[in-house]
Each structure stands twice: as structure tokens, then as C-alpha cells.
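The next block is final.txt, given as compact mmCIF, C-alpha atoms.
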# COMPACT_ATOMS: atom_id res chain seq x y z
CA MET X 21 -38.06 -20.64 17.89
CA THR X 22 -37.87 -17.34 16.03
CA PRO X 23 -35.66 -16.92 12.95
CA THR X 24 -33.35 -14.74 15.03
CA GLN X 25 -32.99 -17.45 17.68
CA TRP X 26 -32.41 -20.01 14.93
CA GLN X 27 -29.67 -17.81 13.48
CA GLN X 28 -28.01 -17.31 16.86
CA GLY X 29 -27.63 -21.08 17.29
CA GLY X 30 -26.05 -21.59 13.88
CA ARG X 31 -22.60 -21.81 12.36
CA ARG X 32 -20.99 -20.59 9.16
CA PHE X 33 -18.48 -21.80 6.62
CA ASP X 34 -16.92 -20.30 3.53
CA TRP X 35 -17.85 -22.00 0.30
CA ARG X 36 -16.52 -20.64 -2.99
CA ASP X 37 -16.10 -17.25 -1.31
CA HIS X 38 -19.71 -17.27 -0.12
CA ASP X 39 -20.78 -17.21 3.53
CA ILE X 40 -23.04 -20.20 4.20
CA PHE X 41 -25.19 -20.53 7.33
CA PHE X 42 -26.04 -23.92 8.82
CA ARG X 43 -27.36 -25.51 11.99
CA ASP X 44 -25.44 -28.50 13.28
CA GLU X 45 -26.44 -30.27 16.48
CA GLY X 46 -24.91 -33.42 17.93
CA SER X 47 -21.74 -35.23 16.92
CA GLY X 48 -20.45 -38.15 14.91
CA ASP X 49 -19.84 -39.03 11.28
CA SER X 50 -23.46 -40.14 10.69
CA ALA X 51 -26.22 -37.54 10.47
CA LEU X 52 -29.64 -36.51 9.27
CA LEU X 53 -29.30 -33.90 6.53
CA CYS X 54 -32.32 -31.60 6.19
CA ILE X 55 -32.64 -29.82 2.83
CA HIS X 56 -35.11 -26.93 2.70
CA GLY X 57 -37.31 -25.52 -0.07
CA PHE X 58 -38.01 -22.35 -2.03
CA PRO X 59 -38.39 -19.53 -1.09
CA THR X 60 -37.71 -20.08 2.61
CA ALA X 61 -34.80 -21.64 4.53
CA SER X 62 -33.63 -24.18 7.10
CA TRP X 63 -35.81 -22.44 9.71
CA ASP X 64 -38.70 -24.40 8.13
CA TRP X 65 -37.51 -27.40 10.16
CA THR X 66 -37.98 -25.75 13.57
CA PRO X 67 -41.40 -27.33 14.30
CA ILE X 68 -39.80 -30.79 14.16
CA TRP X 69 -36.18 -29.92 14.99
CA PRO X 70 -36.20 -30.92 18.71
CA ALA X 71 -37.65 -34.34 17.90
CA LEU X 72 -35.15 -34.86 15.08
CA CYS X 73 -32.29 -34.02 17.43
CA GLN X 74 -33.61 -36.56 19.95
CA ARG X 75 -33.84 -39.26 17.30
CA PHE X 76 -30.49 -38.72 15.56
CA ALA X 77 -27.02 -38.40 17.06
CA ARG X 78 -26.41 -35.49 14.69
CA VAL X 79 -28.69 -33.26 12.61
CA ILE X 80 -27.41 -30.73 10.09
CA ALA X 81 -29.38 -28.21 8.02
CA PRO X 82 -27.89 -25.46 5.83
CA ASP X 83 -29.42 -22.42 4.24
CA MET X 84 -28.58 -22.84 0.58
CA LEU X 85 -26.91 -20.08 -1.39
CA GLY X 86 -29.47 -17.31 -1.95
CA PHE X 87 -31.67 -18.38 0.95
CA GLY X 88 -32.22 -17.52 4.62
CA PHE X 89 -29.12 -16.39 6.46
CA SER X 90 -26.64 -17.43 3.76
CA ALA X 91 -25.05 -15.14 1.18
CA LYS X 92 -27.36 -13.85 -1.57
CA PRO X 93 -25.15 -12.49 -4.36
CA SER X 94 -27.27 -10.28 -6.58
CA ARG X 95 -25.77 -11.21 -9.96
CA HIS X 96 -25.19 -14.88 -9.34
CA ASN X 97 -26.43 -17.61 -11.70
CA TYR X 98 -28.03 -19.91 -9.15
CA SER X 99 -28.46 -23.59 -9.98
CA LEU X 100 -29.59 -26.80 -8.34
CA MET X 101 -26.39 -28.50 -9.49
CA GLU X 102 -24.41 -25.90 -7.57
CA GLN X 103 -26.59 -26.37 -4.49
CA ALA X 104 -25.81 -30.09 -4.64
CA ASP X 105 -22.11 -29.16 -4.71
CA LEU X 106 -22.70 -27.03 -1.62
CA HIS X 107 -24.15 -29.97 0.30
CA VAL X 108 -21.26 -32.22 -0.71
CA ALA X 109 -18.83 -29.56 0.54
CA LEU X 110 -20.76 -29.07 3.78
CA LEU X 111 -20.72 -32.80 4.58
CA ALA X 112 -16.97 -32.88 3.95
CA HIS X 113 -16.50 -29.77 6.09
CA ALA X 114 -18.48 -31.39 8.92
CA GLY X 115 -16.76 -34.78 8.63
CA ILE X 116 -20.00 -36.62 7.88
CA ARG X 117 -19.69 -39.93 6.02
CA ARG X 118 -23.21 -41.41 6.26
CA VAL X 119 -26.48 -39.49 5.88
CA HIS X 120 -30.20 -39.93 6.00
CA ILE X 121 -31.85 -37.14 3.99
CA LEU X 122 -35.09 -35.30 4.74
CA ALA X 123 -35.91 -32.93 1.87
CA HIS X 124 -38.66 -30.51 0.91
CA ASP X 125 -39.66 -28.62 -2.27
CA TYR X 126 -36.52 -27.18 -3.96
CA GLY X 127 -34.56 -29.59 -1.78
CA VAL X 128 -36.09 -32.67 -3.40
CA SER X 129 -34.32 -31.79 -6.66
CA VAL X 130 -31.02 -31.36 -4.84
CA THR X 131 -31.62 -34.79 -3.32
CA GLN X 132 -32.36 -36.32 -6.73
CA GLU X 133 -29.02 -34.98 -7.97
CA LEU X 134 -27.22 -36.43 -4.93
CA LEU X 135 -28.86 -39.80 -5.60
CA ALA X 136 -27.77 -39.61 -9.24
CA ARG X 137 -24.19 -38.92 -8.18
CA GLN X 138 -24.24 -41.84 -5.75
CA LEU X 139 -25.36 -44.13 -8.58
CA GLU X 140 -22.32 -42.90 -10.51
CA ASN X 141 -20.04 -43.37 -7.47
CA ALA X 142 -19.33 -39.64 -7.72
CA THR X 143 -19.70 -38.98 -3.98
CA PRO X 144 -17.29 -41.52 -2.42
CA ALA X 145 -16.79 -39.40 0.71
CA PHE X 146 -20.29 -40.12 2.01
CA GLN X 147 -23.10 -42.63 1.63
CA ILE X 148 -26.84 -41.89 1.50
CA GLU X 149 -28.62 -44.44 3.67
CA SER X 150 -32.24 -43.35 3.28
CA VAL X 151 -34.28 -40.54 1.75
CA THR X 152 -37.56 -39.04 2.92
CA LEU X 153 -39.18 -36.57 0.55
CA LEU X 154 -41.86 -34.04 1.42
CA ASN X 155 -43.88 -32.08 -1.15
CA GLY X 156 -41.79 -31.04 -4.12
CA GLY X 157 -41.62 -31.02 -7.91
CA LEU X 158 -40.18 -34.47 -8.52
CA PHE X 159 -41.58 -34.51 -12.06
CA PRO X 160 -41.64 -31.38 -14.23
CA GLU X 161 -44.77 -32.62 -16.00
CA THR X 162 -46.76 -32.46 -12.74
CA HIS X 163 -45.20 -29.35 -11.22
CA ARG X 164 -47.86 -26.61 -11.15
CA ILE X 165 -46.15 -23.33 -10.30
CA THR X 166 -47.99 -20.46 -8.65
CA VAL X 167 -48.94 -17.21 -10.36
CA MET X 168 -46.17 -15.40 -8.48
CA GLN X 169 -43.62 -17.96 -9.66
CA LYS X 170 -44.81 -17.49 -13.24
CA ILE X 171 -44.25 -13.75 -12.90
CA LEU X 172 -40.79 -14.30 -11.43
CA ARG X 173 -39.88 -16.52 -14.41
CA SER X 174 -41.12 -13.94 -16.91
CA PRO X 175 -39.17 -10.98 -18.37
CA LEU X 176 -40.84 -8.94 -15.62
CA GLY X 177 -39.27 -11.05 -12.89
CA SER X 178 -36.64 -8.53 -11.83
CA VAL X 179 -39.30 -5.82 -11.66
CA ALA X 180 -41.59 -8.07 -9.62
CA THR X 181 -38.88 -8.60 -7.00
CA ARG X 182 -38.60 -4.85 -6.49
CA LEU X 183 -42.35 -4.60 -6.05
CA MET X 184 -42.58 -7.56 -3.68
CA THR X 185 -44.20 -6.64 -0.38
CA ARG X 186 -45.14 -8.57 2.73
CA SER X 187 -48.80 -8.35 1.74
CA ARG X 188 -48.20 -9.74 -1.76
CA PHE X 189 -46.00 -12.46 -0.33
CA ARG X 190 -48.64 -13.47 2.22
CA LYS X 191 -51.35 -13.74 -0.44
CA SER X 192 -49.26 -15.93 -2.74
CA PHE X 193 -47.59 -18.01 -0.04
CA SER X 194 -50.80 -18.89 1.82
CA LEU X 195 -52.31 -20.46 -1.29
CA VAL X 196 -50.10 -23.54 -1.06
CA PHE X 197 -51.17 -24.44 2.48
CA GLY X 198 -54.10 -26.66 3.42
CA PRO X 199 -57.51 -25.00 3.90
CA ALA X 200 -57.38 -25.35 7.70
CA THR X 201 -53.61 -24.99 8.20
CA LYS X 202 -52.78 -21.61 6.70
CA PRO X 203 -49.97 -19.65 8.36
CA GLY X 204 -50.86 -16.96 10.87
CA MET X 205 -49.60 -13.41 10.73
CA ARG X 206 -46.66 -14.16 13.01
CA GLU X 207 -45.55 -17.06 10.79
CA ILE X 208 -45.86 -14.88 7.71
CA ASP X 209 -43.71 -12.24 9.40
CA ASP X 210 -41.07 -14.87 10.20
CA PHE X 211 -41.02 -16.30 6.67
CA TRP X 212 -40.86 -12.78 5.24
CA GLN X 213 -37.95 -11.92 7.55
CA LEU X 214 -35.97 -14.84 6.12
CA ILE X 215 -36.63 -13.76 2.56
CA GLN X 216 -35.86 -10.12 3.25
CA TYR X 217 -32.61 -10.87 5.08
CA ASN X 218 -29.64 -9.49 3.14
CA ASN X 219 -32.02 -8.14 0.47
CA GLY X 220 -33.01 -11.66 -0.54
CA ALA X 221 -36.24 -10.77 -2.33
CA ARG X 222 -34.11 -9.20 -5.07
CA VAL X 223 -32.66 -12.59 -6.12
CA MET X 224 -35.90 -14.59 -6.24
CA HIS X 225 -36.19 -14.19 -10.02
CA ARG X 226 -32.73 -15.76 -10.30
CA LEU X 227 -33.48 -18.61 -7.90
CA ILE X 228 -36.71 -19.49 -9.74
CA ARG X 229 -34.67 -20.80 -12.67
CA TYR X 230 -34.74 -24.13 -10.88
CA VAL X 231 -38.10 -24.73 -12.59
CA ASP X 232 -36.31 -24.90 -15.94
CA GLU X 233 -33.49 -27.04 -14.53
CA ARG X 234 -36.02 -29.65 -13.51
CA ARG X 235 -37.07 -29.93 -17.13
CA TRP X 236 -33.51 -29.96 -18.48
CA HIS X 237 -32.39 -32.71 -16.09
CA ARG X 238 -35.63 -34.67 -15.98
CA GLU X 239 -34.23 -37.96 -17.27
CA ARG X 240 -31.30 -37.86 -14.89
CA TRP X 241 -33.30 -36.94 -11.81
CA VAL X 242 -36.37 -39.10 -12.42
CA GLY X 243 -34.01 -41.89 -13.41
CA ALA X 244 -32.28 -41.56 -10.05
CA LEU X 245 -35.59 -42.09 -8.25
CA ILE X 246 -36.33 -45.16 -10.32
CA ARG X 247 -32.90 -46.80 -10.21
CA THR X 248 -31.55 -46.02 -6.75
CA PRO X 249 -31.32 -48.88 -4.23
CA VAL X 250 -31.63 -46.30 -1.41
CA PRO X 251 -34.91 -46.69 0.54
CA ILE X 252 -37.27 -43.75 -0.14
CA ARG X 253 -40.50 -42.63 1.50
CA LEU X 254 -42.66 -39.80 0.17
CA ILE X 255 -44.71 -37.91 2.77
CA ASN X 256 -47.18 -35.69 0.95
CA GLY X 257 -49.75 -33.04 1.74
CA PRO X 258 -52.39 -33.77 -0.94
CA GLU X 259 -54.07 -30.34 -0.70
CA ASP X 260 -50.97 -28.72 -2.16
CA PRO X 261 -51.87 -27.16 -5.56
CA VAL X 262 -48.20 -27.25 -6.62
CA SER X 263 -47.13 -30.82 -5.86
CA GLY X 264 -49.96 -32.52 -4.01
CA ALA X 265 -52.15 -35.51 -4.89
CA HIS X 266 -51.59 -35.12 -8.62
CA MET X 267 -47.83 -35.48 -8.14
CA VAL X 268 -48.32 -38.55 -5.95
CA ALA X 269 -50.34 -40.20 -8.72
CA ARG X 270 -47.39 -39.76 -11.09
CA TYR X 271 -44.97 -40.99 -8.42
CA ARG X 272 -46.98 -44.20 -8.08
CA GLU X 273 -46.86 -44.68 -11.85
CA LEU X 274 -43.11 -44.30 -12.21
CA VAL X 275 -41.35 -45.33 -9.00
CA PRO X 276 -40.96 -49.06 -8.28
CA GLN X 277 -42.68 -50.21 -5.09
CA PRO X 278 -43.67 -46.66 -4.10
CA ASP X 279 -43.76 -45.93 -0.37
CA VAL X 280 -46.17 -43.03 0.09
CA VAL X 281 -47.89 -41.48 3.12
CA SER X 282 -50.58 -38.88 2.39
CA LEU X 283 -51.53 -36.48 5.17
CA ASP X 284 -55.19 -35.61 4.66
CA GLY X 285 -56.00 -31.91 4.78
CA ILE X 286 -52.37 -30.82 4.54
CA GLY X 287 -50.78 -28.68 1.86
CA HIS X 288 -47.26 -27.92 0.67
CA TYR X 289 -45.51 -27.63 4.06
CA PRO X 290 -46.18 -30.87 6.01
CA GLN X 291 -43.42 -30.17 8.54
CA VAL X 292 -45.02 -26.82 9.38
CA GLU X 293 -48.72 -27.67 8.98
CA ALA X 294 -48.68 -31.11 10.63
CA PRO X 295 -45.36 -31.56 12.45
CA GLN X 296 -46.44 -34.48 14.64
CA ARG X 297 -47.99 -36.45 11.78
CA THR X 298 -44.92 -35.79 9.66
CA LEU X 299 -42.64 -37.05 12.42
CA GLU X 300 -44.75 -40.17 12.93
CA ALA X 301 -44.58 -41.04 9.22
CA PHE X 302 -40.84 -40.32 9.11
CA PHE X 303 -39.95 -42.28 12.23
CA ALA X 304 -42.13 -45.22 11.20
CA PHE X 305 -40.13 -45.38 7.98
CA LEU X 306 -36.87 -45.46 9.92
CA ASP X 307 -38.19 -47.95 12.48
CA ARG X 308 -39.06 -50.56 9.92
CA GLY X 309 -35.41 -50.82 8.89
CA SER X 310 -35.01 -48.13 6.23
CA ALA X 311 -31.26 -48.69 6.01
CA ALA X 312 -31.90 -51.94 4.13
CA SER X 313 -31.66 -51.64 0.36
CA ARG X 314 -34.70 -51.91 -1.84
CA PRO X 315 -35.10 -55.35 -3.48
CA ARG X 316 -33.01 -55.83 -6.59
CA GLU X 317 -36.15 -56.27 -8.73
CA ALA X 318 -37.03 -52.66 -7.93
CA LEU X 319 -34.12 -51.64 -10.14
CA ALA X 320 -35.58 -53.14 -13.31

Using C-alpha cells, write down the structure that the file contains.
Amino acid sequence: MTPTQWQQGGRRFDWRDHDIFFRDEGSGDSALLCIHGFPTASWDWTPIWPALCQRFARVIAPDMLGFGFSAKPSRHNYSLMEQADLHVALLAHAGIRRVHILAHDYGVSVTQELLARQLENATPAFQIESVTLLNGGLFPETHRITVMQKILRSPLGSVATRLMTRSRFRKSFSLVFGPATKPGMREIDDFWQLIQYNNGARVMHRLIRYVDERRWHRERWVGALIRTPVPIRLINGPEDPVSGAHMVARYRELVPQPDVVSLDGIGHYPQVEAPQRTLEAFFAFLDRGSAASRPREALA
């Protein structure tokens, strides 16, 4: 499915005077919520979307503010906290009361915030029943950002966005994939289309501030992983230089009874690089009864 076809099958809702794009298939008050990463969009889920829609009665996936086909205000102060607010509002808008979450990259931090709020009983309108995390910076101490991300975070970030080209994007983006699973030229064109939509490349230096937020909120977000009774599985591409095997090692150190599946040879985008293996690991997690809470001793 091309990004244009993905867009044509979507819906929109107004959130804080911003136009938000989302895909919503199926019906009911229980759903799978798919939360995408940086710098792409919900289109990342297309390789596994048909299978997800067969498995779940309802599947919903938004483009967060500043991403994909959603609004990209040029002077906005983007934040992960705000993106969590967006997801809460979307679930209320859609009438969803119970969710399983599948999250990637930037989306894992949004998920950590949602877990923290559930621990505080701050999201009474819906209940998180399980969480599956793909590659992402769960711990700021293990998050190794790319050279391009370093430039975007620097005082030259706004200049870099103006100089961003498809060729520069391809070179930087391909580095996070596995050695045998790098995106082809057509995939690069599709990813670039999503970033370029509505002049999105110009806000990347503002979106990249999430790297600092992860450090500021580390105790809250890592604490949510450690304390939540919600069942969690981590599916990881170990070849990822940003959040691969080294991040998994830290996850095993900190998270009680860690449930981890490593996909050999895969990099930062498991759902794109190895869709069938990702689905198998995800569905196996659900099949074993993921709705059951983790043992109470896991909360110590």
C-alpha cells in the first residue's frame, strides 16, 4: 500500500485546533492501538496491517502531531507529553475503552507515559491490557542517536532541515536497518514523501527534542516499565545501532521478568524489515494469555 493509498483510507479529527490523521478499521470499544516512531508515520504499519486487522476486531493508528499526514505547525513546541494527550483524546473520540498497544521508536516513550498515567489512575476512560514494544529508546543512557539527529539537536538544526534532501535522508535513514534488510529506492521515496508532506522536514529539529524529554522524565518512564502490572513483550532488532542489542541488555537488567524476542539480522524497523517474524512474536505473546497481569512479585 502506497502512502497515498494509506491516506485515502484514513480519517481525521480536530485536536486542539490541529488536524490529526488516523486509520481506524473495525468496530467495538476494544482495539489495538499502533503508535509509530520518528521521523516517519503510521504508514510504517502497512506491512503487518492486514494481519493485525484479521487478528483484532478494531485497529487504530494515528499520525502524531508533526508527522505523516497530520498537521505540522512550524512554530510549535512539540512534546511527548502532548503526544500522549493526543492518544488519550483519540481513544475518547473513537469510543475505545480497552487497548492493546503496539509501539515503535518515538512511540515507546508515548507508551511509557500512558503506562505511568494508568499507574496513577489518570486515564480512567480506558484500560491498557497489554503492551508490545519494538525498537526504541526506553532508557536514555542506552539511546545512541544518529549523526543526523545530533545535527538536528544542535544550534544548526533549523539550517539542517532546510538543507535536507532525499539523498541525505536515504544515507542517514538506511544506517539503522539490518545489513541485509535495507530499504529499497521505492521505500525511501515513500518514507520521504511522508516526511515532506505539508513541509514536514522543516519541523524535524523541533520534533527531535524528544531526546531531551527522555532524559528529563527518565525516572517516571523507566519506573512505569518496572512497576506496571500490564504484560509487556519487547521485540527487538539487535542490529539496530540506535536501540538494538545494547538496549536489550539494559532492559534485562532493569525490568522484572523481562519478556524479550530478538530477531537476528534485523535493525531498527522490525515491522518493515521482518513483518512475518514480528507478527509471529506478537501473536505468540497474545496467544499465551497476555491479558493476565504480571505476578505481584514483579512489582517489587

Show me the residues around (-42.4, -18.1, 9.0) - criterion: an atom at most 10 Å away, all atoms listed in the file counted - as a PDB file with C-alpha atoms, in the coordinates of the input.
ATOM      1  CA  THR X  22     -37.870 -17.340  16.030  1.00  0.00           C
ATOM      2  CA  PRO X  23     -35.660 -16.920  12.950  1.00  0.00           C
ATOM      3  CA  THR X  60     -37.710 -20.080   2.610  1.00  0.00           C
ATOM      4  CA  ALA X  61     -34.800 -21.640   4.530  1.00  0.00           C
ATOM      5  CA  TRP X  63     -35.810 -22.440   9.710  1.00  0.00           C
ATOM      6  CA  ASP X  64     -38.700 -24.400   8.130  1.00  0.00           C
ATOM      7  CA  THR X  66     -37.980 -25.750  13.570  1.00  0.00           C
ATOM      8  CA  PRO X 203     -49.970 -19.650   8.360  1.00  0.00           C
ATOM      9  CA  GLY X 204     -50.860 -16.960  10.870  1.00  0.00           C
ATOM     10  CA  MET X 205     -49.600 -13.410  10.730  1.00  0.00           C
ATOM     11  CA  ARG X 206     -46.660 -14.160  13.010  1.00  0.00           C
ATOM     12  CA  GLU X 207     -45.550 -17.060  10.790  1.00  0.00           C
ATOM     13  CA  ILE X 208     -45.860 -14.880   7.710  1.00  0.00           C
ATOM     14  CA  ASP X 209     -43.710 -12.240   9.400  1.00  0.00           C
ATOM     15  CA  ASP X 210     -41.070 -14.870  10.200  1.00  0.00           C
ATOM     16  CA  PHE X 211     -41.020 -16.300   6.670  1.00  0.00           C
ATOM     17  CA  TRP X 212     -40.860 -12.780   5.240  1.00  0.00           C
ATOM     18  CA  GLN X 213     -37.950 -11.920   7.550  1.00  0.00           C
ATOM     19  CA  LEU X 214     -35.970 -14.840   6.120  1.00  0.00           C
ATOM     20  CA  ILE X 215     -36.630 -13.760   2.560  1.00  0.00           C
ATOM     21  CA  VAL X 292     -45.020 -26.820   9.380  1.00  0.00           C
TER      22      VAL X 292
END

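What separates CA of Ser192 in chain X from CA of Pro261 in chain X is a distance of 11.9 Å.
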
Review point. So how many Å separate CA of Gly156 in chain X and CA of Pro258 in chain X, to one decimal?
Key: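 Separation of CA of Gly156 in chain X and CA of Pro258 in chain X: 11.4 Å.
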
Exercise for review: Fewer than 3 positions away in the same chain doesn't count, so skip those; otherwise give me all residues within 9 Å of Ser99 in chain X, counting all atoms listed in the file, as a ChimeraX atom specification.
Suggested key: /X:102-104,226-227,229-230,233

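Minimum atom-to-atom distances from X:Asp307, X:Glu273, X:Asp232, X:Glu45 to Ala114 in chain X were compared using all atoms listed in the file, and the lowest value belongs to X:Glu45.
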
Exercise for review: Could you check which of X:Arg137, X:Pro93, X:Ala265, X:His225 is closest to Leu176 in chain X, using only C-alpha atoms?
Suggested key: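 Checking each of X:Arg137, X:Pro93, X:Ala265, X:His225 against Leu176 in chain X, counting only C-alpha atoms, the winner is X:His225.
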
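Among the candidates X:Val262, X:Leu139, X:Leu52, X:Leu245, the residue lying nearest to Phe193 in chain X is X:Val262 (atoms considered: all atoms listed in the file).
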
Revision key, fill the gap. Of X:Ala71, X:Leu183, X:Leu134, X:Leu122, the one nearest to Leu100 in chain X when counting all atoms listed in the file is X:Leu134

Review point. For Tyr289 in chain X, which residue out of X:Glu161, X:Asp125, X:Glu149, X:Asp34 is the nearest one, using only C-alpha atoms?
Key: X:Asp125

Practice item. Can you pull out every residue within 9 Å of Ala77 in chain X, counting only C-alpha atoms, but drop anything in the same chain fewer than 6 positions away, and send it as a PyMOL selection string? Key: chain X and resi 45-48+50-52

Practice item. For each of X:Phe89, X:Lys170, X:Arg186, X:Leu153, take the minimum atom-to-atom distance to Ser282 in chain X, counting all atoms listed in the file, then give the residue where this is smallest. Key: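 Looking only at the distances to Ser282 in chain X, the closest residue turns out to be X:Leu153.
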
Practice item. Would you work out the distance separating CA of Arg31 in chain X from CA of Asp44 in chain X, expressed in Å to one decimal? Key: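 Going from CA of Arg31 in chain X over to CA of Asp44 in chain X, I get 7.3 Å.
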
Determine, for each residue of range 136-191 of chain X having at least one atom at most 12 Å from an atom of range 118-121 of chain X, the closest pair of atoms and their separation in Å to one decimal, counting all atoms listed in the file; order by chain and ascending number, as CSV.
residue,atom,partner,partner_atom,distance
X:Thr143,CA,X:Arg118,CA,11.1
X:Pro144,CA,X:Arg118,CA,10.5
X:Ala145,CA,X:Arg118,CA,8.7
X:Phe146,CA,X:Arg118,CA,5.3
X:Gln147,CA,X:Arg118,CA,4.8
X:Ile148,CA,X:Val119,CA,5.0
X:Glu149,CA,X:His120,CA,5.3
X:Ser150,CA,X:His120,CA,4.8
X:Val151,CA,X:Ile121,CA,4.7
X:Thr152,CA,X:Ile121,CA,6.1
X:Leu153,CA,X:Ile121,CA,8.1
X:Leu154,CA,X:Ile121,CA,10.8

Exercise for review: Dump as an MDAnalysis selection string all residues having an atom at most 8 Å from (-25.8, -20.4, 5.6), computed in the file's coordinates with all atoms listed in the file.
Suggested key: chainID X and resid 31:33 39:42 82:85 87:91

Extending 5 Å beyond the listed atoms of range 156-170 of chain X on each side, what axis-aligned box results? I want centre and edge lengths in Å to one decimal, as JSON.
{"center_x": -44.6, "center_y": -25.0, "center_z": -10.1, "size_x": 18.8, "size_y": 29.1, "size_z": 21.9}

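Residues within 7 Å of Thr162 in chain X, counting all atoms listed in the file and excluding same-chain residues fewer than 2 positions away, are Phe159, Pro160, Arg164, His266 and Met267 of chain X.
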
Output for the residues just chosen: C-alpha atoms as a PDB file, in the coordinates of the input:
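Written file, again_35.pdb:
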ATOM      1  CA  PHE X 159     -41.580 -34.510 -12.060  1.00  0.00           C
ATOM      2  CA  PRO X 160     -41.640 -31.380 -14.230  1.00  0.00           C
ATOM      3  CA  ARG X 164     -47.860 -26.610 -11.150  1.00  0.00           C
ATOM      4  CA  HIS X 266     -51.590 -35.120  -8.620  1.00  0.00           C
ATOM      5  CA  MET X 267     -47.830 -35.480  -8.140  1.00  0.00           C
TER       6      MET X 267
END

Incomplete range 290-306 of chain X filled out to N, CA, C and O atoms as a compact mmCIF listing (two decimals), in the frame of the given file:
# COMPACT_ATOMS: atom_id res chain seq x y z
N PRO X 290 -45.79 -29.92 4.97
CA PRO X 290 -46.18 -30.87 6.01
C PRO X 290 -45.47 -30.66 7.34
O PRO X 290 -46.07 -30.79 8.41
N GLN X 291 -44.18 -30.32 7.30
CA GLN X 291 -43.42 -30.17 8.54
C GLN X 291 -43.86 -28.96 9.35
O GLN X 291 -43.66 -28.91 10.57
N VAL X 292 -44.51 -28.01 8.70
CA VAL X 292 -45.02 -26.82 9.38
C VAL X 292 -46.50 -26.98 9.73
O VAL X 292 -46.94 -26.63 10.83
N GLU X 293 -47.27 -27.54 8.79
CA GLU X 293 -48.72 -27.67 8.98
C GLU X 293 -49.10 -28.82 9.89
O GLU X 293 -50.10 -28.74 10.61
N ALA X 294 -48.36 -29.91 9.84
CA ALA X 294 -48.68 -31.11 10.63
C ALA X 294 -47.39 -31.74 11.14
O ALA X 294 -47.02 -32.84 10.74
N PRO X 295 -46.67 -31.05 12.02
CA PRO X 295 -45.36 -31.56 12.45
C PRO X 295 -45.41 -32.94 13.10
O PRO X 295 -44.55 -33.79 12.81
N GLN X 296 -46.40 -33.19 13.95
CA GLN X 296 -46.44 -34.48 14.64
C GLN X 296 -46.74 -35.61 13.67
O GLN X 296 -46.12 -36.68 13.73
N ARG X 297 -47.67 -35.41 12.76
CA ARG X 297 -47.99 -36.45 11.78
C ARG X 297 -46.82 -36.70 10.85
O ARG X 297 -46.55 -37.84 10.43
N THR X 298 -46.10 -35.64 10.51
CA THR X 298 -44.92 -35.79 9.66
C THR X 298 -43.85 -36.60 10.37
O THR X 298 -43.24 -37.52 9.79
N LEU X 299 -43.62 -36.30 11.64
CA LEU X 299 -42.64 -37.05 12.42
C LEU X 299 -43.03 -38.52 12.55
O LEU X 299 -42.19 -39.42 12.42
N GLU X 300 -44.30 -38.79 12.79
CA GLU X 300 -44.75 -40.17 12.93
C GLU X 300 -44.50 -40.96 11.65
O GLU X 300 -44.03 -42.10 11.70
N ALA X 301 -44.80 -40.36 10.50
CA ALA X 301 -44.58 -41.04 9.22
C ALA X 301 -43.09 -41.23 8.96
O ALA X 301 -42.67 -42.28 8.44
N PHE X 302 -42.29 -40.25 9.31
CA PHE X 302 -40.84 -40.32 9.11
C PHE X 302 -40.22 -41.37 10.01
O PHE X 302 -39.46 -42.24 9.55
N PHE X 303 -40.55 -41.34 11.29
CA PHE X 303 -39.95 -42.28 12.23
C PHE X 303 -40.41 -43.71 11.97
O PHE X 303 -39.64 -44.66 12.17
N ALA X 304 -41.65 -43.88 11.53
CA ALA X 304 -42.13 -45.22 11.20
C ALA X 304 -41.31 -45.81 10.05
O ALA X 304 -41.01 -47.01 10.03
N PHE X 305 -40.98 -44.97 9.10
CA PHE X 305 -40.13 -45.38 7.98
C PHE X 305 -38.77 -45.84 8.48
O PHE X 305 -38.25 -46.90 8.07
N LEU X 306 -38.18 -45.09 9.38
CA LEU X 306 -36.87 -45.46 9.92
C LEU X 306 -36.97 -46.72 10.78
O LEU X 306 -36.11 -47.59 10.72
